[in-house]
Amino acid sequence: LHRTVKTSFEVDLLLPIDREGDVPLHVQLEQQLRAAVRGGRLPAGAMLPPTRLLAADLGVSRGVVVEAYEQLTAEGFFQSRAGSGTRVATIDNEPVPTPLTDDGARPPRYDFRPGMPDLAAFPRRAWLASLRRALMSSSRLTLGYPHPQGALAARAALADYLARSRATVASPERVVMCSGYTQGIDLVARLLRERGLHRVAIEDPGFDGVRRAFRAVGITTLPVPVDGQGLCVEQLACTDAEAVVVTPAHQFPSGVGLSAPRRAALLAWAARRNALIVEDDYDAEYRYDRDPLACLQGLAPERVIYIGTTSKTLSPALRLGWMLAPQHLVSDLARIKRHADRGSPTLDQLALADFLVTGELDRHLRRMRTVYRKRRDALVAALQAELPGVRVDGVSAGLHLMVKLPADVDEQWLIAQAKAQSIALFGAHPYFAQPQGEAPALVMGYGGLQESLIADGVQRLARLIAGAGGEPVAGAQRSLTACTAADGA
Ligand SMILES: Cc1ncc(COP(=O)(O)O)c(C=O)c1O
């Protein structure tokens, strides 16, 4: 039985339903609608017919349609608002970290891409030496399928390194190696889905990869605002989230550290709710003028899944990351990892182990902190000189900062204009889960840009802004979020 359904957007949809088959009707309908969204037949923003109407049209009970709509809403394909029906969701405009030169494209001259380390400073010689030692000293058995948690030597070296540098509670048994943070959060999302969780709180603004990972498994993400002290825990407490993903050392993209009272409140919330905290420690190695913020995992190792990566310290091309998991979750995470890819590449892990125990990572980081601090200083100085009055946030750590643009500057327009002048700029807009006319802002990375180019690039940027009529005026910008409530959660 094939039925054609017309949505209120006049999109003709063929929704074939097989009543004789074994597949439940609501599952069939979900599959059809999902395929229609993926294939573009149901465009973003299109209004879906009311459940009663569609049910009547298909000759099924209304419950079948309600169930399909709810599932697709949970998966992020649909959005529903009380009183205004259900629409096809607007899919993210992914700020994809495109390869710089592999496709033959000329890299931008002024590359303000956030979160990129200096690729030219990758310690090739030391890494090669570690890789060579790892390969030459490894046994025949090392070349078989990896242990799903990762090579023991790598887990032991990381446990030592994380315990001393990040005050984690770490042991090789808690470590699960993964392919960067991106795989780590994907495995965590699958684990939480398996355990029946439905709602996970995320920072807003935040790293868009987190939203994608949960959406892929049908978990609803609940955006919680961020202010000058980090995640607004008081607002988190108003949700019914069963877990939360945070960047406490250096909130992405705002750059603030989670304050001590908020840390305490977050841990108290998790204990009260018996909730899990996922800690993204993506660039905690870099801090310039503030004391290190110890990680949350060290304070509550049975409540926190900690995820780290070499993407900001060495290179995102390595795709090397790790998780420290509560003991009761390790074996499930390892199983999910094994099913995903049968384990991360062993030789790279062994090279990392060697790199850590020979002190090469410490040496590299000492060197790079000085380089990045100078670049940070150069960027802040150039912004102050060229765009006086513009607010700059998140300068004390990491590899990027936030620049609030004058209110009348169009973020997208500026980015497009800059691109034409070989300046790679990134706006804050894509990092908001629910963009609601936020003040225009840039997330500016300085890791990969030489000091001499920074001043030049900012000068050009200032000229573009002036051309847009955006003479910067102190205090003219809206704050990043409206969350200012004292946090007593
Ligand atoms: C907030 C945040 N977490 C994690 C990562 C790193 O991801 P990966 O380790 O997959 O490269 C990034 C990189 O852009 C990031 O911005």
# chains A, B, ... in the order shown; residues from 1 in each chain; ligands from 1
>>> residues_near_ligand(ligand="ligand 1", cutoff="7 Å", atoms="only C-alpha atoms and all ligand atoms", output="ChimeraX atom specification")
/A:115,179-183,206-207,247,252,280,282,309-311,316,319-321
>>> write_last_selection(atoms="all heavy atoms", output="CSV table (one decimal), in the first residue's frame")
chain,number,residue,atom,x,y,z
A,115,GLY,N,42.0,26.5,17.6
A,115,GLY,CA,42.3,25.2,18.1
A,115,GLY,C,43.4,24.4,17.3
A,115,GLY,O,43.5,23.2,17.4
A,179,SER,N,40.3,7.2,19.0
A,179,SER,CA,40.8,8.0,17.9
A,179,SER,C,40.5,9.5,18.1
A,179,SER,O,39.5,10.0,17.4
A,179,SER,CB,40.2,7.4,16.6
A,179,SER,OG,40.8,8.0,15.5
A,180,GLY,N,41.2,10.1,19.0
A,180,GLY,CA,40.9,11.5,19.3
A,180,GLY,C,39.6,11.7,20.1
A,180,GLY,O,38.9,10.7,20.4
A,181,TYR,N,39.4,12.9,20.5
A,181,TYR,CA,38.2,13.2,21.3
A,181,TYR,C,36.9,12.9,20.6
A,181,TYR,O,35.9,12.4,21.1
A,181,TYR,CB,38.1,14.7,21.7
A,181,TYR,CG,36.9,15.2,22.4
A,181,TYR,CD1,36.8,15.0,23.8
A,181,TYR,CD2,35.8,15.7,21.7
A,181,TYR,CE1,35.6,15.3,24.4
A,181,TYR,CE2,34.7,16.1,22.3
A,181,TYR,CZ,34.6,15.9,23.7
A,181,TYR,OH,33.4,16.2,24.4
A,182,THR,N,37.0,13.1,19.2
A,182,THR,CA,35.8,12.8,18.4
A,182,THR,C,35.3,11.4,18.5
A,182,THR,O,34.1,11.2,18.7
A,182,THR,CB,36.1,13.2,16.9
A,182,THR,OG1,36.5,14.6,16.9
A,182,THR,CG2,34.9,13.0,16.1
A,183,GLN,N,36.2,10.4,18.5
A,183,GLN,CA,35.7,9.1,18.7
A,183,GLN,C,35.4,8.8,20.2
A,183,GLN,O,34.4,8.1,20.5
A,183,GLN,CB,36.8,8.0,18.3
A,183,GLN,CG,36.2,6.6,18.3
A,183,GLN,CD,37.1,5.5,18.1
A,183,GLN,OE1,38.3,5.5,18.6
A,183,GLN,NE2,36.6,4.5,17.5
A,206,GLY,N,29.1,25.7,22.5
A,206,GLY,CA,30.0,24.6,22.8
A,206,GLY,C,30.5,23.9,21.5
A,206,GLY,O,30.0,24.3,20.4
A,207,PHE,N,31.3,22.9,21.6
A,207,PHE,CA,31.9,22.2,20.5
A,207,PHE,C,30.8,21.4,19.8
A,207,PHE,O,30.1,20.6,20.4
A,207,PHE,CB,33.0,21.2,21.0
A,207,PHE,CG,33.7,20.5,20.0
A,207,PHE,CD1,34.1,21.1,18.8
A,207,PHE,CD2,34.0,19.2,20.2
A,207,PHE,CE1,34.8,20.4,17.8
A,207,PHE,CE2,34.7,18.4,19.2
A,207,PHE,CZ,35.1,19.0,18.0
A,247,THR,N,33.7,21.5,29.3
A,247,THR,CA,35.1,21.8,29.1
A,247,THR,C,35.6,22.7,30.2
A,247,THR,O,35.7,23.9,30.0
A,247,THR,CB,35.3,22.5,27.7
A,247,THR,OG1,34.3,23.6,27.6
A,247,THR,CG2,35.1,21.6,26.6
A,252,PHE,N,35.0,25.8,25.6
A,252,PHE,CA,35.1,26.1,24.1
A,252,PHE,C,33.7,26.5,23.7
A,252,PHE,O,32.7,25.8,23.9
A,252,PHE,CB,35.5,24.8,23.4
A,252,PHE,CG,35.7,25.1,21.9
A,252,PHE,CD1,36.9,25.5,21.5
A,252,PHE,CD2,34.7,25.0,21.0
A,252,PHE,CE1,37.1,25.8,20.2
A,252,PHE,CE2,34.9,25.3,19.7
A,252,PHE,CZ,36.1,25.7,19.3
A,280,ASP,N,35.8,17.2,28.9
A,280,ASP,CA,36.7,17.4,27.7
A,280,ASP,C,37.8,18.3,28.1
A,280,ASP,O,37.7,19.5,28.3
A,280,ASP,CB,35.8,18.0,26.6
A,280,ASP,CG,36.6,18.3,25.3
A,280,ASP,OD1,37.8,18.0,25.3
A,280,ASP,OD2,36.0,18.9,24.4
A,282,TYR,N,40.5,19.2,26.3
A,282,TYR,CA,41.2,19.2,25.0
A,282,TYR,C,42.4,20.0,24.9
A,282,TYR,O,43.3,19.7,24.1
A,282,TYR,CB,40.1,19.7,23.9
A,282,TYR,CG,39.7,21.1,24.1
A,282,TYR,CD1,40.1,22.1,23.2
A,282,TYR,CD2,38.9,21.5,25.1
A,282,TYR,CE1,39.8,23.4,23.4
A,282,TYR,CE2,38.5,22.8,25.3
A,282,TYR,CZ,39.0,23.8,24.4
A,282,TYR,OH,38.6,25.1,24.6
A,309,THR,N,43.4,14.4,24.3
A,309,THR,CA,43.7,14.2,22.9
A,309,THR,C,45.1,14.8,22.6
A,309,THR,O,45.6,15.7,23.3
A,309,THR,CB,42.7,14.9,22.0
A,309,THR,OG1,43.1,14.9,20.6
A,309,THR,CG2,42.5,16.4,22.3
A,310,THR,N,45.8,14.3,21.6
A,310,THR,CA,47.0,14.9,21.1
A,310,THR,C,46.8,16.0,20.1
A,310,THR,O,47.8,16.6,19.6
A,310,THR,CB,48.0,13.9,20.5
A,310,THR,OG1,47.3,13.2,19.5
A,310,THR,CG2,48.5,12.9,21.6
A,311,SER,N,45.5,16.3,19.8
A,311,SER,CA,45.2,17.2,18.6
A,311,SER,C,45.8,18.6,18.9
A,311,SER,O,46.1,19.3,17.9
A,311,SER,CB,43.8,17.2,18.3
A,311,SER,OG,43.3,16.0,17.8
A,316,PRO,N,46.6,17.1,15.1
A,316,PRO,CA,45.3,16.4,14.9
A,316,PRO,C,45.4,15.2,13.9
A,316,PRO,O,44.5,14.4,13.9
A,316,PRO,CB,44.3,17.5,14.4
A,316,PRO,CG,45.2,18.6,13.9
A,316,PRO,CD,46.5,18.5,14.6
A,319,ARG,N,45.4,11.5,15.4
A,319,ARG,CA,44.1,10.9,15.8
A,319,ARG,C,44.3,10.0,17.0
A,319,ARG,O,43.9,8.9,17.1
A,319,ARG,CB,43.4,10.1,14.7
A,319,ARG,CG,43.2,10.8,13.4
A,319,ARG,CD,42.5,12.1,13.5
A,319,ARG,NE,41.3,12.2,14.2
A,319,ARG,CZ,40.9,13.2,15.1
A,319,ARG,NH1,41.8,14.1,15.4
A,319,ARG,NH2,39.8,13.1,15.7
A,320,LEU,N,45.1,10.5,18.0
A,320,LEU,CA,45.3,9.8,19.2
A,320,LEU,C,44.6,10.5,20.4
A,320,LEU,O,44.9,11.7,20.7
A,320,LEU,CB,46.8,9.8,19.5
A,320,LEU,CG,47.7,8.7,19.0
A,320,LEU,CD1,49.2,8.9,19.2
A,320,LEU,CD2,47.3,7.3,19.6
A,321,GLY,N,43.8,9.7,21.1
A,321,GLY,CA,43.1,10.3,22.2
A,321,GLY,C,42.9,9.2,23.3
A,321,GLY,O,43.3,8.0,23.0
>>> residues_around(residues="range 147-164 of chain A", least_positions_apart="2", cutoff="7 Å", atoms="only C-alpha atoms", output="list of chain:residue names")
A:Tyr145, A:Arg166, A:Ala167, A:Thr168, A:Val169, A:Ala170, A:Ser171, A:Pro172, A:Val175, A:Val176, A:Met177, A:Ala334, A:Lys337, A:Arg338, A:Arg342, A:Gly343, A:Ser344, A:Thr346, A:Gln349, A:Leu350, A:Leu352, A:Ala353, A:Leu356, A:Val357
>>> write_last_selection(atoms="N, CA, C and O atoms", output="mmCIF file, in the first residue's frame")
data_model
loop_
_atom_site.group_PDB
_atom_site.id
_atom_site.type_symbol
_atom_site.label_atom_id
_atom_site.label_comp_id
_atom_site.auth_asym_id
_atom_site.auth_seq_id
_atom_site.Cartn_x
_atom_site.Cartn_y
_atom_site.Cartn_z
ATOM 1 N N TYR A 145 45.943 -8.147 16.530
ATOM 2 C CA TYR A 145 44.870 -7.181 16.839
ATOM 3 C C TYR A 145 45.145 -6.531 18.178
ATOM 4 O O TYR A 145 45.584 -7.190 19.126
ATOM 5 N N ARG A 166 47.818 16.577 35.322
ATOM 6 C CA ARG A 166 46.426 17.021 35.377
ATOM 7 C C ARG A 166 45.710 16.591 36.648
ATOM 8 O O ARG A 166 44.504 16.776 36.768
ATOM 9 N N ALA A 167 46.482 16.013 37.589
ATOM 10 C CA ALA A 167 45.907 15.597 38.876
ATOM 11 C C ALA A 167 44.698 14.674 38.701
ATOM 12 O O ALA A 167 43.692 14.784 39.407
ATOM 13 N N THR A 168 44.796 13.779 37.736
ATOM 14 C CA THR A 168 43.723 12.797 37.565
ATOM 15 C C THR A 168 43.954 11.627 38.522
ATOM 16 O O THR A 168 45.062 11.431 39.018
ATOM 17 N N VAL A 169 42.899 10.861 38.736
ATOM 18 C CA VAL A 169 43.056 9.562 39.375
ATOM 19 C C VAL A 169 43.162 8.584 38.208
ATOM 20 O O VAL A 169 42.191 8.344 37.502
ATOM 21 N N ALA A 170 44.392 8.103 37.965
ATOM 22 C CA ALA A 170 44.595 7.339 36.736
ATOM 23 C C ALA A 170 45.345 6.055 37.019
ATOM 24 O O ALA A 170 46.242 6.022 37.851
ATOM 25 N N SER A 171 44.948 5.012 36.321
ATOM 26 C CA SER A 171 45.705 3.770 36.338
ATOM 27 C C SER A 171 45.487 3.163 34.956
ATOM 28 O O SER A 171 44.489 3.482 34.287
ATOM 29 N N PRO A 172 46.410 2.304 34.508
ATOM 30 C CA PRO A 172 46.259 1.753 33.156
ATOM 31 C C PRO A 172 44.910 1.055 32.964
ATOM 32 O O PRO A 172 44.364 1.050 31.854
ATOM 33 N N VAL A 175 42.179 3.371 31.580
ATOM 34 C CA VAL A 175 42.390 4.069 30.303
ATOM 35 C C VAL A 175 41.793 3.268 29.145
ATOM 36 O O VAL A 175 41.967 2.059 29.066
ATOM 37 N N VAL A 176 41.066 3.966 28.275
ATOM 38 C CA VAL A 176 40.638 3.383 26.999
ATOM 39 C C VAL A 176 41.131 4.333 25.908
ATOM 40 O O VAL A 176 40.740 5.499 25.873
ATOM 41 N N MET A 177 42.005 3.833 25.050
ATOM 42 C CA MET A 177 42.537 4.679 23.974
ATOM 43 C C MET A 177 41.469 4.838 22.890
ATOM 44 O O MET A 177 40.658 3.935 22.661
ATOM 45 N N ALA A 334 35.199 -0.515 26.518
ATOM 46 C CA ALA A 334 36.172 -1.287 25.730
ATOM 47 C C ALA A 334 35.448 -2.163 24.704
ATOM 48 O O ALA A 334 35.890 -2.303 23.564
ATOM 49 N N LYS A 337 34.268 0.050 21.928
ATOM 50 C CA LYS A 337 35.441 0.417 21.117
ATOM 51 C C LYS A 337 35.828 -0.750 20.190
ATOM 52 O O LYS A 337 36.103 -0.566 19.010
ATOM 53 N N ARG A 338 35.827 -1.961 20.743
ATOM 54 C CA ARG A 338 36.200 -3.121 19.921
ATOM 55 C C ARG A 338 35.220 -3.284 18.756
ATOM 56 O O ARG A 338 35.612 -3.509 17.617
ATOM 57 N N ARG A 342 37.894 -2.374 16.372
ATOM 58 C CA ARG A 342 38.833 -3.388 16.855
ATOM 59 C C ARG A 342 40.095 -2.795 17.465
ATOM 60 O O ARG A 342 41.123 -3.454 17.541
ATOM 61 N N GLY A 343 40.010 -1.549 17.907
ATOM 62 C CA GLY A 343 41.144 -0.963 18.639
ATOM 63 C C GLY A 343 41.917 0.059 17.834
ATOM 64 O O GLY A 343 41.946 0.010 16.603
ATOM 65 N N SER A 344 42.554 0.982 18.557
ATOM 66 C CA SER A 344 43.344 2.027 17.887
ATOM 67 C C SER A 344 44.707 1.462 17.491
ATOM 68 O O SER A 344 45.197 0.518 18.116
ATOM 69 N N THR A 346 48.225 0.230 17.248
ATOM 70 C CA THR A 346 49.132 -0.050 18.363
ATOM 71 C C THR A 346 50.455 0.706 18.255
ATOM 72 O O THR A 346 50.953 1.242 19.249
ATOM 73 N N GLN A 349 50.358 4.222 19.378
ATOM 74 C CA GLN A 349 50.231 4.303 20.845
ATOM 75 C C GLN A 349 51.576 4.049 21.513
ATOM 76 O O GLN A 349 51.928 4.702 22.493
ATOM 77 N N LEU A 350 52.317 3.069 20.980
ATOM 78 C CA LEU A 350 53.617 2.757 21.576
ATOM 79 C C LEU A 350 54.599 3.906 21.350
ATOM 80 O O LEU A 350 55.445 4.193 22.207
ATOM 81 N N LEU A 352 53.698 7.007 21.251
ATOM 82 C CA LEU A 352 53.291 8.007 22.246
ATOM 83 C C LEU A 352 53.835 7.640 23.626
ATOM 84 O O LEU A 352 54.322 8.501 24.368
ATOM 85 N N ALA A 353 53.769 6.351 23.960
ATOM 86 C CA ALA A 353 54.291 5.907 25.258
ATOM 87 C C ALA A 353 55.764 6.275 25.375
ATOM 88 O O ALA A 353 56.206 6.844 26.379
ATOM 89 N N LEU A 356 56.293 9.949 25.798
ATOM 90 C CA LEU A 356 55.973 10.410 27.159
ATOM 91 C C LEU A 356 57.082 10.031 28.144
ATOM 92 O O LEU A 356 57.548 10.884 28.902
ATOM 93 N N VAL A 357 57.498 8.772 28.124
ATOM 94 C CA VAL A 357 58.450 8.348 29.172
ATOM 95 C C VAL A 357 59.844 8.928 28.942
ATOM 96 O O VAL A 357 60.615 9.082 29.885
#
>>> closest_residue(among="A:Lys419, A:Arg81, A:Arg212, A:Arg262", to="Asp227 in chain A", atoms="only C-alpha atoms")
A:Arg262
>>> closest_residue(among="A:Ala397, A:Ser422, A:Arg272, A:Phe77", to="Ala105 in chain A", atoms="only C-alpha atoms")
A:Ser422
>>> residues_around(residues="range 286-300 of chain A", least_positions_apart="5", cutoff="8 Å", atoms="only C-alpha atoms", output="JSON, numbers by chain")
{"A": [166, 167, 168, 169, 248, 249, 257, 263, 267, 279, 281, 305, 306, 369, 373, 396, 397, 398, 399]}
>>> write_last_selection(atoms="N, CA, C and O atoms", output="mmCIF file, in the first residue's frame")
data_model
loop_
_atom_site.group_PDB
_atom_site.id
_atom_site.type_symbol
_atom_site.label_atom_id
_atom_site.label_comp_id
_atom_site.auth_asym_id
_atom_site.auth_seq_id
_atom_site.Cartn_x
_atom_site.Cartn_y
_atom_site.Cartn_z
ATOM 1 N N ARG A 166 47.818 16.577 35.322
ATOM 2 C CA ARG A 166 46.426 17.021 35.377
ATOM 3 C C ARG A 166 45.710 16.591 36.648
ATOM 4 O O ARG A 166 44.504 16.776 36.768
ATOM 5 N N ALA A 167 46.482 16.013 37.589
ATOM 6 C CA ALA A 167 45.907 15.597 38.876
ATOM 7 C C ALA A 167 44.698 14.674 38.701
ATOM 8 O O ALA A 167 43.692 14.784 39.407
ATOM 9 N N THR A 168 44.796 13.779 37.736
ATOM 10 C CA THR A 168 43.723 12.797 37.565
ATOM 11 C C THR A 168 43.954 11.627 38.522
ATOM 12 O O THR A 168 45.062 11.431 39.018
ATOM 13 N N VAL A 169 42.899 10.861 38.736
ATOM 14 C CA VAL A 169 43.056 9.562 39.375
ATOM 15 C C VAL A 169 43.162 8.584 38.208
ATOM 16 O O VAL A 169 42.191 8.344 37.502
ATOM 17 N N PRO A 248 35.852 22.114 31.407
ATOM 18 C CA PRO A 248 36.090 22.940 32.598
ATOM 19 C C PRO A 248 37.403 23.716 32.564
ATOM 20 O O PRO A 248 37.468 24.838 33.067
ATOM 21 N N ALA A 249 38.441 23.166 31.961
ATOM 22 C CA ALA A 249 39.738 23.851 32.000
ATOM 23 C C ALA A 249 39.724 25.093 31.116
ATOM 24 O O ALA A 249 40.376 26.093 31.419
ATOM 25 N N GLY A 257 37.478 29.592 32.283
ATOM 26 C CA GLY A 257 37.678 28.402 33.107
ATOM 27 C C GLY A 257 36.487 28.260 34.044
ATOM 28 O O GLY A 257 35.912 29.260 34.480
ATOM 29 N N ARG A 263 32.592 24.481 40.034
ATOM 30 C CA ARG A 263 33.084 23.095 40.055
ATOM 31 C C ARG A 263 32.427 22.327 41.193
ATOM 32 O O ARG A 263 31.937 21.208 41.009
ATOM 33 N N LEU A 267 29.837 19.140 40.793
ATOM 34 C CA LEU A 267 30.052 17.833 41.413
ATOM 35 C C LEU A 267 28.895 17.487 42.355
ATOM 36 O O LEU A 267 28.444 16.343 42.419
ATOM 37 N N GLU A 279 34.179 15.027 30.841
ATOM 38 C CA GLU A 279 35.107 16.158 30.915
ATOM 39 C C GLU A 279 35.992 16.178 29.671
ATOM 40 O O GLU A 279 36.794 15.273 29.459
ATOM 41 N N ASP A 281 39.030 17.656 28.108
ATOM 42 C CA ASP A 281 40.236 18.380 28.552
ATOM 43 C C ASP A 281 41.130 18.676 27.351
ATOM 44 O O ASP A 281 42.336 18.497 27.400
ATOM 45 N N ILE A 305 33.858 10.801 33.183
ATOM 46 C CA ILE A 305 34.638 10.223 32.085
ATOM 47 C C ILE A 305 35.475 11.375 31.540
ATOM 48 O O ILE A 305 34.942 12.391 31.096
ATOM 49 N N TYR A 306 36.778 11.214 31.639
ATOM 50 C CA TYR A 306 37.711 12.250 31.204
ATOM 51 C C TYR A 306 38.187 11.898 29.798
ATOM 52 O O TYR A 306 38.517 10.746 29.528
ATOM 53 N N ARG A 369 54.689 26.393 24.795
ATOM 54 C CA ARG A 369 53.977 27.365 25.649
ATOM 55 C C ARG A 369 54.546 28.764 25.439
ATOM 56 O O ARG A 369 53.805 29.742 25.384
ATOM 57 N N ARG A 373 52.392 31.741 23.896
ATOM 58 C CA ARG A 373 52.170 32.932 24.729
ATOM 59 C C ARG A 373 52.516 34.192 23.931
ATOM 60 O O ARG A 373 51.781 35.177 23.955
ATOM 61 N N SER A 396 43.483 33.811 28.618
ATOM 62 C CA SER A 396 44.515 33.347 29.549
ATOM 63 C C SER A 396 44.919 31.890 29.356
ATOM 64 O O SER A 396 45.773 31.387 30.066
ATOM 65 N N ALA A 397 44.314 31.207 28.402
ATOM 66 C CA ALA A 397 44.655 29.792 28.217
ATOM 67 C C ALA A 397 44.341 29.381 26.788
ATOM 68 O O ALA A 397 43.684 30.119 26.047
ATOM 69 N N GLY A 398 44.824 28.186 26.415
ATOM 70 C CA GLY A 398 44.429 27.585 25.138
ATOM 71 C C GLY A 398 45.155 28.140 23.934
ATOM 72 O O GLY A 398 46.255 28.687 24.032
ATOM 73 N N LEU A 399 44.492 27.999 22.785
ATOM 74 C CA LEU A 399 45.089 28.407 21.511
ATOM 75 C C LEU A 399 44.165 29.341 20.734
ATOM 76 O O LEU A 399 44.349 29.547 19.546
#
>>> select_by_dssp(residues="range 113-272 of chain A", states="strand (DSSP E or B)", output="JSON, numbers by chain")
{"A": [175, 176, 177, 178, 199, 200, 201, 202, 203, 204, 220, 221, 222, 223, 224, 225, 226, 227, 230, 231, 243, 244, 245, 246]}
